[in-house]
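> Structure incoming, see below.
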Amino acid sequence: MARALALAEALKQCVRRNRCKVSGLRPFPRPASAPAPKSSMTRLTLFLTASCLSLLLACSPTFNWRDARPADTALAALMPCKPDQATRSVPLGGQTTELAMLGCDAGGATFAVAVATVADPSQIAAVMAGWQAATLANMKGTGSAPAAALKIPGAAQQPPPVLVALTGQRADGRAVQSRAAHFAHGRQVFQAVIYADKIAPEVSETFFSSLRFEAEPAPGR
């Protein structure tokens, strides 16, 4: 019992340090052949042990969450690994647009945040729709759920932020899932996305719930 409580306290510190979000902890099911616990103390010990193991899985160093911000934007997000930066030109909204991206891989998943600056603000909705269509086409999408409303503090409400879940194929033909948030701020259009064989709900929740717009950095800083 003392060991279980000590482990629970250590994991609590892990959660605070890594800013992990963990929910739905349940004890592991007892095999049918296993004898029933003989006392409430035994049941509590089993529950704490199972909960601690679940916390270990959710707060594994594999997902080392840290704050990240794309250059020249007010967007802040949590990334589970140190992101690389890149830029590339892509066709969006009927014109060639430069994308600035942050991205990294952790736990068998790819995490990325990309931003494009639109010259004509009236084209933002068209650019967002075109970006969603391009993502579906690039994945050779075989299925998608209806876009869900997404709350992102500070984001433009027209067009509203949305979260799109897709199922598709990698270049080698293997199945892949994606969760992509599309949203705007000023003249900038954003996509925050996860790609993985299977996306863990708690990882998706941590990533997308961290998206927020903060005060613009002062000029010269």
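Residues in the structure tokens are named by chain (A, B, ... in the order shown) and by number from 1 within that chain; ligands are numbered from 1 in the order shown.
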If we count only C-alpha atoms and set the cut-off at 6 Å, which residues sit around stretch 85-98 of chain A, ignoring sequence neighbours fewer than 4 positions away in its own chain? Please answer as an MDAnalysis selection string.
chainID A and resid 102 126:127 130
> State, in Å with one decimal place, the distance from atom CA of A:Gln169 to atom CA of A:Ala109.
14.3 Å
> Report, in Å with one decimal, the straight-line distance from atom CA of A:Pro153 to atom CA of A:Gly108.
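Computed distance, atom CA of A:Pro153 to atom CA of A:Gly108, equals 28.7 Å.
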> Need the shell around stretch 186-198 of chain A: protein/DNA/RNA residues with any atom at most 6 Å away, counting only C-alpha atoms. Skip same-chain ones fewer than 3 positions apart. Format as a ChimeraX atom specification?
/A:109-118,121,176-183
> Out of A:Leu211, A:Ala156, A:Ala171, A:Val164, which residue has the shortest atom-to-atom distance to A:Asn138 when counting only C-alpha atoms?
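Distance minimum relative to A:Asn138 lands on A:Ala171.
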> Any idea what's packed within 9 Å of A:Asp84, counting only C-alpha atoms, ignoring anything in its chain fewer than 5 positions away? Could you give it as a ChimeraX atom specification?
/A:101-104
> For the residues selected in the previous step, produce a file with C-alpha atoms as a PDB file, in the first residue's frame.

```pdb
ATOM      1  CA  MET A 101       5.364  24.516 -40.585  1.00  0.00           C
ATOM      2  CA  LEU A 102       6.386  23.058 -37.236  1.00  0.00           C
ATOM      3  CA  GLY A 103       6.423  19.271 -36.994  1.00  0.00           C
ATOM      4  CA  CYS A 104       7.827  16.277 -35.146  1.00  0.00           C
TER       5      CYS A 104
END
```
> Find the distance between atom CA of A:Glu202 and atom CA of A:His185 and write it in Å to one decimal.
26.3 Å
> From the set A:Val203, A:Ala215, A:Ala119, A:Ala134, which residue has the shortest atom-to-atom contact distance to A:Leu78, counting only C-alpha atoms?
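For A:Leu78, the nearest of the candidates is A:Val203.
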